[in-house]
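entry_15.txt (compact mmCIF, C-alpha atoms) appears below.
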# COMPACT_ATOMS: atom_id res chain seq x y z
CA MET Q 2 12.23 -19.33 -1.00
CA SER Q 3 14.10 -22.20 -2.63
CA SER Q 4 14.78 -20.35 -5.91
CA GLU Q 5 17.28 -17.50 -6.30
CA THR Q 6 15.09 -15.80 -8.92
CA ILE Q 7 11.37 -15.16 -9.25
CA GLN Q 8 9.61 -17.84 -11.33
CA LEU Q 9 6.22 -17.85 -13.02
CA ASP Q 10 4.98 -20.37 -10.44
CA HIS Q 11 5.37 -17.71 -7.76
CA GLY Q 12 2.42 -15.88 -9.30
CA ALA Q 13 0.33 -18.85 -10.37
CA GLY Q 14 -1.74 -19.12 -7.20
CA GLY Q 15 -2.14 -22.14 -4.94
CA ASP Q 16 0.20 -23.42 -2.27
CA PHE Q 17 3.38 -22.32 -4.05
CA THR Q 18 2.24 -18.70 -4.23
CA ARG Q 19 0.99 -18.70 -0.64
CA ALA Q 20 4.27 -20.14 0.56
CA ALA Q 21 6.27 -17.56 -1.40
CA ILE Q 22 4.20 -14.68 0.00
CA ALA Q 23 4.43 -15.97 3.56
CA ASP Q 24 8.16 -16.62 3.23
CA LEU Q 25 9.16 -13.35 1.60
CA VAL Q 26 6.54 -10.61 1.25
CA ALA Q 27 4.92 -10.81 4.68
CA ARG Q 28 8.22 -11.53 6.43
CA GLN Q 29 9.98 -8.56 4.82
CA LEU Q 30 7.09 -6.20 5.53
CA GLY Q 31 7.07 -7.30 9.15
CA SER Q 32 3.45 -8.48 9.24
CA THR Q 33 1.81 -11.87 8.87
CA ASP Q 34 -1.12 -10.16 7.13
CA ALA Q 35 0.66 -7.70 4.81
CA GLY Q 36 0.61 -8.97 1.26
CA ALA Q 37 -1.46 -12.05 2.14
CA GLY Q 38 -4.67 -10.62 0.75
CA ASP Q 39 -5.76 -7.91 -1.64
CA GLY Q 40 -8.20 -6.22 0.72
CA GLU Q 41 -8.68 -5.26 4.35
CA ALA Q 42 -11.59 -3.99 6.44
CA LEU Q 43 -10.99 -0.68 8.22
CA GLU Q 44 -12.74 1.20 10.97
CA LEU Q 45 -12.02 4.92 10.69
CA ASP Q 46 -13.39 7.28 13.30
CA VAL Q 47 -13.12 10.33 11.04
CA ALA Q 48 -15.56 12.43 9.06
CA GLN Q 49 -13.51 12.51 5.88
CA ILE Q 50 -10.63 10.65 4.29
CA ALA Q 51 -8.32 11.32 1.37
CA MET Q 52 -7.28 8.63 -1.09
CA ARG Q 53 -4.32 8.45 -3.43
CA SER Q 54 -3.32 6.06 -6.20
CA ASP Q 55 0.12 5.92 -7.85
CA THR Q 56 2.07 3.58 -10.11
CA PHE Q 57 5.86 3.40 -9.99
CA VAL Q 58 8.04 2.27 -12.89
CA LEU Q 59 11.71 3.08 -12.41
CA ASP Q 60 15.02 2.35 -14.08
CA PRO Q 61 17.25 1.76 -12.19
CA LEU Q 62 15.45 0.05 -9.32
CA PHE Q 63 18.24 1.01 -6.92
CA PHE Q 64 19.98 4.37 -6.62
CA ASP Q 65 22.07 6.39 -4.21
CA GLY Q 66 19.59 7.38 -1.52
CA GLY Q 67 16.96 4.71 -2.00
CA ASP Q 68 15.15 2.39 -4.37
CA ILE Q 69 11.76 1.95 -5.99
CA GLY Q 70 10.28 0.80 -2.67
CA ARG Q 71 11.31 3.91 -0.76
CA LEU Q 72 10.24 6.12 -3.66
CA ALA Q 73 6.79 4.49 -3.74
CA VAL Q 74 6.15 4.95 -0.02
CA CYS Q 75 7.52 8.50 0.21
CA ALA Q 76 5.76 9.77 -2.91
CA SER Q 77 2.43 8.28 -1.81
CA VAL Q 78 2.75 9.70 1.69
CA ASN Q 79 3.76 13.13 0.39
CA GLY Q 80 0.86 13.17 -2.05
CA LEU Q 81 -1.60 12.53 0.77
CA ALA Q 82 0.08 15.11 2.98
CA SER Q 83 -0.04 17.76 0.26
CA ALA Q 84 -3.81 17.25 0.13
CA GLY Q 85 -3.98 18.18 3.81
CA ALA Q 86 -4.36 14.61 5.06
CA VAL Q 87 -2.51 12.68 7.76
CA PRO Q 88 -1.22 9.55 5.93
CA ARG Q 89 -2.41 6.36 7.65
CA TYR Q 90 -2.53 3.30 5.40
CA LEU Q 91 -1.06 1.93 2.18
CA THR Q 92 -1.69 -1.07 -0.01
CA ILE Q 93 1.03 -2.19 -2.40
CA SER Q 94 0.71 -4.39 -5.47
CA LEU Q 95 3.74 -5.84 -7.24
CA VAL Q 96 4.16 -6.80 -10.89
CA ILE Q 97 7.36 -8.86 -11.00
CA GLU Q 98 9.22 -9.94 -14.12
CA GLN Q 99 10.26 -13.56 -14.25
CA GLY Q 100 13.97 -13.84 -13.43
CA LEU Q 101 14.16 -10.94 -10.98
CA PRO Q 102 16.65 -11.97 -8.26
CA VAL Q 103 14.87 -12.83 -5.02
CA ALA Q 104 17.52 -10.80 -3.19
CA ASP Q 105 16.52 -7.69 -5.15
CA LEU Q 106 12.85 -8.19 -4.32
CA ALA Q 107 13.71 -8.73 -0.64
CA HIS Q 108 15.76 -5.51 -0.66
CA VAL Q 109 12.84 -3.51 -2.09
CA LEU Q 110 10.33 -4.98 0.36
CA ASP Q 111 12.65 -4.27 3.27
CA SER Q 112 12.88 -0.68 2.04
CA VAL Q 113 9.08 -0.47 1.88
CA ARG Q 114 8.86 -1.68 5.47
CA ALA Q 115 11.51 0.73 6.77
CA SER Q 116 10.09 3.72 4.87
CA ALA Q 117 6.54 2.97 6.04
CA ALA Q 118 7.76 2.83 9.64
CA GLU Q 119 9.59 6.14 9.18
CA ALA Q 120 6.44 7.71 7.73
CA GLU Q 121 4.26 6.17 10.48
CA VAL Q 122 1.94 4.46 8.01
CA GLU Q 123 0.79 0.84 7.92
CA VAL Q 124 0.93 -1.44 4.88
CA LEU Q 125 -2.40 -3.23 5.13
CA ALA Q 126 -2.63 -5.41 2.05
CA GLY Q 127 -1.26 -6.06 -1.38
CA ASP Q 128 -1.17 -8.29 -4.42
CA THR Q 129 1.59 -10.06 -6.34
CA GLN Q 130 1.63 -10.89 -10.04
CA VAL Q 131 4.49 -12.50 -11.98
CA VAL Q 132 4.79 -11.97 -15.75
CA ARG Q 133 7.03 -13.65 -18.30
CA ALA Q 134 10.53 -12.37 -18.96
CA GLY Q 135 10.36 -9.37 -21.31
CA GLU Q 136 6.78 -8.43 -20.35
CA ALA Q 137 7.85 -5.97 -17.63
CA ASP Q 138 10.95 -4.04 -16.65
CA LYS Q 139 12.00 -6.00 -13.54
CA LEU Q 140 9.46 -4.64 -11.05
CA PHE Q 141 6.45 -2.32 -11.06
CA LEU Q 142 4.71 -1.09 -7.90
CA ALA Q 143 1.14 0.19 -7.60
CA VAL Q 144 0.31 1.95 -4.34
CA ALA Q 145 -3.00 3.10 -2.91
CA GLY Q 146 -2.96 5.37 0.13
CA VAL Q 147 -5.56 6.45 2.68
CA GLY Q 148 -5.17 9.55 4.81
CA GLU Q 149 -7.22 11.14 7.57
CA LEU Q 150 -8.54 14.66 7.04
CA ALA Q 151 -8.27 15.54 10.72
CA LEU Q 152 -8.51 19.32 10.26
CA GLU Q 153 -10.85 21.45 8.23
CA VAL Q 154 -8.58 22.96 5.61
CA GLU Q 155 -9.33 24.29 2.14
CA LEU Q 156 -6.54 23.81 -0.37
CA GLY Q 157 -6.54 24.34 -4.11
CA ALA Q 158 -5.31 26.47 -6.98
CA GLU Q 159 -8.57 28.42 -6.93
CA ARG Q 160 -7.60 29.82 -3.50
CA VAL Q 161 -4.31 31.29 -4.77
CA CYS Q 162 -4.34 35.12 -4.91
CA PRO Q 163 -1.98 37.88 -6.07
CA GLY Q 164 0.37 38.73 -3.21
CA ASP Q 165 0.64 35.14 -1.99
CA ALA Q 166 4.14 33.75 -1.48
CA VAL Q 167 5.63 30.60 -2.99
CA ILE Q 168 7.65 28.53 -0.49
CA LEU Q 169 9.84 25.56 -1.39
CA THR Q 170 10.48 23.26 1.55
CA GLY Q 171 13.66 21.61 0.25
CA ALA Q 172 16.25 21.20 -2.49
CA LEU Q 173 15.20 21.05 -6.12
CA GLY Q 174 15.99 18.32 -8.61
CA ASN Q 175 18.21 16.03 -6.51
CA HIS Q 176 16.16 12.90 -7.07
CA GLY Q 177 15.79 13.44 -10.80
CA LEU Q 178 19.50 14.20 -11.22
CA GLN Q 179 20.47 11.03 -9.37
CA ILE Q 180 18.30 8.89 -11.64
CA LEU Q 181 19.52 10.60 -14.83
CA SER Q 182 23.14 10.21 -13.72
CA GLN Q 183 22.67 6.49 -13.12
CA ARG Q 184 21.14 6.05 -16.56
CA ALA Q 185 24.02 7.96 -18.15
CA GLY Q 186 26.62 5.90 -16.29
CA LEU Q 187 27.93 8.93 -14.41
CA ALA Q 188 29.04 9.10 -10.79
CA ALA Q 189 26.63 11.70 -9.43
CA ALA Q 190 27.62 13.91 -6.51
CA VAL Q 191 23.93 14.40 -5.74
CA PRO Q 192 22.12 11.51 -4.03
CA SER Q 193 18.37 11.17 -4.13
CA ASP Q 194 16.68 12.84 -1.18
CA CYS Q 195 13.44 10.82 -1.02
CA ALA Q 196 11.85 11.36 2.39
CA PRO Q 197 8.34 11.26 3.88
CA LEU Q 198 7.05 14.74 4.70
CA GLY Q 199 3.82 13.97 6.54
CA GLY Q 200 5.17 15.25 9.87
CA LEU Q 201 6.35 18.52 8.34
CA VAL Q 202 2.95 19.14 6.78
CA TRP Q 203 1.05 18.25 9.94
CA ASN Q 204 3.03 20.79 11.96
CA LEU Q 205 2.15 23.42 9.37
CA LEU Q 206 -1.53 22.54 9.39
CA GLU Q 207 -1.75 22.70 13.17
CA ASP Q 208 -0.51 26.31 13.25
CA TYR Q 209 -1.16 27.79 9.81
CA ALA Q 210 -4.03 25.89 8.16
CA SER Q 211 -5.93 29.10 7.44
CA SER Q 212 -2.87 30.69 5.77
CA LEU Q 213 -2.13 27.79 3.41
CA ARG Q 214 -3.60 28.24 -0.06
CA CYS Q 215 -2.22 25.19 -1.84
CA MET Q 216 0.38 22.43 -1.48
CA ARG Q 217 1.93 20.27 -4.19
CA GLU Q 218 4.61 17.59 -4.26
CA LEU Q 219 7.25 18.15 -6.93
CA SER Q 220 7.06 15.00 -9.03
CA ARG Q 221 6.91 14.70 -12.81
CA GLY Q 222 7.38 18.09 -14.42
CA GLY Q 223 9.30 19.41 -11.43
CA LEU Q 224 8.86 22.94 -10.15
CA ILE Q 225 8.06 24.49 -13.53
CA GLY Q 226 5.35 21.99 -14.38
CA THR Q 227 3.80 22.36 -10.93
CA LEU Q 228 3.78 26.15 -10.92
CA LYS Q 229 2.49 26.44 -14.48
CA GLU Q 230 -0.46 24.31 -13.48
CA LEU Q 231 -1.08 26.33 -10.31
CA ALA Q 232 -0.82 29.68 -12.11
CA ALA Q 233 -3.28 28.57 -14.77
CA GLY Q 234 -5.71 27.25 -12.15
CA ALA Q 235 -5.49 30.51 -10.22
CA GLY Q 236 -5.82 32.74 -13.29
CA ALA Q 237 -2.65 34.54 -12.23
CA SER Q 238 1.09 34.63 -12.92
CA ILE Q 239 3.98 33.56 -10.69
CA GLU Q 240 7.35 35.28 -10.43
CA LEU Q 241 10.38 33.37 -9.09
CA GLU Q 242 13.64 34.88 -7.85
CA GLU Q 243 16.55 32.84 -9.16
CA HIS Q 244 18.89 33.49 -6.23
CA ARG Q 245 16.27 32.16 -3.81
CA LEU Q 246 15.79 28.80 -5.51
CA PRO Q 247 17.19 26.00 -3.29
CA VAL Q 248 19.42 24.32 -5.88
CA ALA Q 249 22.67 22.92 -4.45
CA ARG Q 250 25.97 23.73 -6.16
CA GLU Q 251 26.52 20.00 -6.80
CA ALA Q 252 23.11 19.83 -8.44
CA ARG Q 253 23.93 22.72 -10.76
CA THR Q 254 27.21 21.03 -11.76
CA THR Q 255 25.54 17.67 -12.36
CA ALA Q 256 22.74 19.30 -14.34
CA ALA Q 257 25.25 21.09 -16.57
CA ARG Q 258 27.01 17.78 -17.32
CA LEU Q 259 23.70 16.16 -18.21
CA GLY Q 260 22.30 19.12 -20.15
CA SER Q 261 19.35 19.09 -17.78
CA ASP Q 262 17.41 21.60 -15.67
CA PRO Q 263 16.82 21.04 -11.91
CA LEU Q 264 13.64 23.09 -12.17
CA GLN Q 265 12.15 20.50 -14.52
CA LEU Q 266 13.09 17.41 -12.49
CA PRO Q 267 11.34 15.61 -9.63
CA SER Q 268 12.41 16.33 -6.07
CA GLY Q 269 12.25 13.66 -3.39
CA SER Q 270 11.90 15.81 -0.28
CA SER Q 271 10.49 19.14 -1.36
CA LEU Q 272 6.96 20.48 -1.46
CA CYS Q 273 5.76 23.64 -3.12
CA LEU Q 274 3.50 25.71 -0.87
CA VAL Q 275 1.51 28.80 -1.73
CA VAL Q 276 0.74 30.76 1.45
CA GLU Q 277 -0.81 34.06 2.39
CA GLY Q 278 1.88 36.70 1.93
CA ALA Q 279 1.55 38.14 5.44
CA ALA Q 280 2.20 34.73 7.02
CA ALA Q 281 5.05 33.64 4.73
CA ALA Q 282 7.93 34.56 7.07
CA ASP Q 283 6.38 32.75 10.03
CA VAL Q 284 5.60 29.68 7.93
CA LEU Q 285 9.16 29.61 6.63
CA GLU Q 286 10.57 29.81 10.17
CA LEU Q 287 8.46 26.82 11.27
CA ILE Q 288 9.53 24.77 8.24
CA ARG Q 289 13.22 25.49 8.85
CA TRP Q 290 12.96 24.16 12.40
CA GLN Q 291 12.18 20.71 10.98
CA PRO Q 292 14.80 18.24 9.68
CA GLN Q 293 13.53 18.19 6.08
CA GLY Q 294 13.07 21.96 5.93
CA LYS Q 295 16.52 23.37 6.67
CA THR Q 296 17.01 24.63 3.09
CA ALA Q 297 13.48 25.99 2.65
CA GLN Q 298 13.09 29.33 0.87
CA ILE Q 299 10.46 31.89 -0.02
CA ALA Q 300 11.18 31.62 -3.72
CA GLY Q 301 8.54 33.74 -5.41
CA VAL Q 302 5.28 35.63 -5.41
CA VAL Q 303 1.93 35.41 -7.15
CA ARG Q 304 1.14 38.36 -9.44
CA GLU Q 305 -1.93 39.49 -11.32
CA GLY Q 306 -2.14 37.98 -14.86
CA PRO Q 307 -1.41 36.97 -17.49
CA SER Q 308 -2.99 33.67 -16.49
CA GLY Q 309 -0.54 30.79 -16.33
CA ALA Q 310 2.60 32.87 -16.89
CA LEU Q 311 5.76 31.88 -15.04
CA THR Q 312 8.85 34.09 -14.99
CA LEU Q 313 12.33 33.86 -13.48
CA VAL Q 314 13.97 37.06 -12.25
CA GLY Q 315 17.78 37.08 -12.37
CA PRO Q 316 20.19 38.07 -9.61
CA ASP Q 317 19.68 41.62 -8.29
CA GLY Q 318 16.47 41.85 -10.30
CA ALA Q 319 18.37 41.80 -13.58
CA GLY Q 320 16.11 40.64 -16.38
CA GLU Q 321 13.16 38.28 -16.56
CA LEU Q 322 13.01 34.92 -18.31
CA ALA Q 323 9.72 33.27 -19.24
CA LEU Q 324 9.70 29.64 -18.07
CA GLU Q 325 8.06 26.90 -20.10
CA PRO Q 326 8.24 23.11 -19.85
CA LEU Q 327 11.27 21.90 -21.77
CA VAL Q 328 11.14 19.46 -24.65
CA ALA Q 329 13.49 16.48 -24.62
CA GLY Q 330 17.05 17.45 -25.43
CA ALA Q 331 16.64 21.15 -24.71
CA PRO Q 332 19.57 22.77 -22.87
CA ALA Q 333 19.51 23.70 -19.20
CA ARG Q 334 18.27 27.23 -18.61
CA LEU Q 335 19.19 27.70 -14.95
CA ARG Q 336 22.05 30.18 -14.80

Mind converting the file's structure to structure tokens?
Amino acid sequence: MSSETIQLDHGAGGDFTRAAIADLVARQLGSTDAGAGDGEALELDVAQIAMRSDTFVLDPLFFDGGDIGRLAVCASVNGLASAGAVPRYLTISLVIEQGLPVADLAHVLDSVRASAAEAEVEVLAGDTQVVRAGEADKLFLAVAGVGELALEVELGAERVCPGDAVILTGALGNHGLQILSQRAGLAAAVPSDCAPLGGLVWNLLEDYASSLRCMRELSRGGLIGTLKELAAGAGASIELEEHRLPVAREARTTAARLGSDPLQLPSGSSLCLVVEGAAAADVLELIRWQPQGKTAQIAGVVREGPSGALTLVGPDGAGELALEPLVAGAPARLR
């Protein structure tokens, strides 16, 4: 591309747009077709598929551990995986603000390509729109994902029962703390841990599909928001043990400086699983054998009512604390 920044002409259609897409988008994504059209015909030899749609708006675009491109791919893949699907295909649409450096866009697209390869998914198609300066915050991404439901598995909050165990596959709050630190101008000791978890989930489904009750990615609302929703859907309560929560010491320190709570923040490489209690130890062992599951923990248990209640039990069983979503500016509650 001849310009160092994105111009309105890049989104105006015609030869200039086609040249820009061929020169940058398709080249960075490693395919002559990716990004060239907004649709693609597929032949899927499966009985059922899962679909996912997400929009990503992020400030800053770049952070320690990734960028908006890696976040978009990993979050979309993890959402499909948590529905019990094998992620296969993505489409990505870009809304670009006039004046965005071409080098920044190239960096994001390269990250999309690398993350898609890591997750073993294919970027089939996409769309590019350019808006005037001030009409967007640098770059927005909209991602649609398609996954293959290769195994018969029933997942959902309605399957959760008293006695089931809550397993967390990875560290809590690292991604959210990295983003908040960047916004506050602080040097964070905790990098984002965005990673695709499709392989981890597939290994679980192959061996323990019948023991899995529900899976959720920990995005907006973090662990507390996710578990409150699950408990309400199950008509049960959930009890967490504080000393079993996988929160790194650096994360606790960073959260204290920010007045934040790791349990309320998104995690880039952690899923929340609810599994049959009798199978929990075996499931945990399998997760810990995998690269993204080394810090996994059985963190809690499902109890009979009250519906939607979530409590945190202190060290050595000392005291219980009711957990509720925090309002902006509330202090951290994790001891």

Atomic separation - CA of Val78 in chain Q relative to CA of Leu181 in chain Q, Å: 23.6 Å

Residue nearest Val58 in chain Q among Q:Leu201, Q:Leu106, Q:Ala210, Q:Ala137 (counting only C-alpha atoms):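 Using only C-alpha atoms, Val58 in chain Q sits closest to Q:Ala137.
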
From Q:Gly40, Q:Gly278, Q:Gly177, Q:Pro102, residue lying nearest Glu5 in chain Q [only C-alpha atoms]: Q:Pro102

CA of Thr255 in chain Q to CA of Val302 in chain Q, distance in Å rounded to a single decimal: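 That distance, rounded to one decimal, is 28.0 Å.
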
Between CA of Gly301 in chain Q and CA of Leu266 in chain Q, distance in Å (one decimal): 18.4 Å

Of the listed residues Q:Gly294, Q:Gly222, Q:Gly80, Q:Gly306, that which approaches Gly148 in chain Q most closely, counting only C-alpha atoms: Q:Gly80

Close residues, Ala134 in chain Q itself excluded, 12 Å, all atoms listed in the file, min 5 positions apart in chain, as number ranges by chain: Q: 6-9, 96-101, 139-140

Would you put the residues from that selection into a file with C-alpha atoms, as a short mmCIF file (atom, residue, chain, number, x, y, z; two decimals), in the frame of the given file?
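Final output, part.cif:
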data_model
loop_
_atom_site.label_atom_id
_atom_site.label_comp_id
_atom_site.auth_asym_id
_atom_site.auth_seq_id
_atom_site.Cartn_x
_atom_site.Cartn_y
_atom_site.Cartn_z
CA THR Q 6 15.09 -15.80 -8.92
CA ILE Q 7 11.37 -15.16 -9.25
CA GLN Q 8 9.61 -17.84 -11.33
CA LEU Q 9 6.22 -17.85 -13.02
CA VAL Q 96 4.16 -6.80 -10.89
CA ILE Q 97 7.36 -8.86 -11.00
CA GLU Q 98 9.22 -9.94 -14.12
CA GLN Q 99 10.26 -13.56 -14.25
CA GLY Q 100 13.97 -13.84 -13.43
CA LEU Q 101 14.16 -10.94 -10.98
CA LYS Q 139 12.00 -6.00 -13.54
CA LEU Q 140 9.46 -4.64 -11.05
#
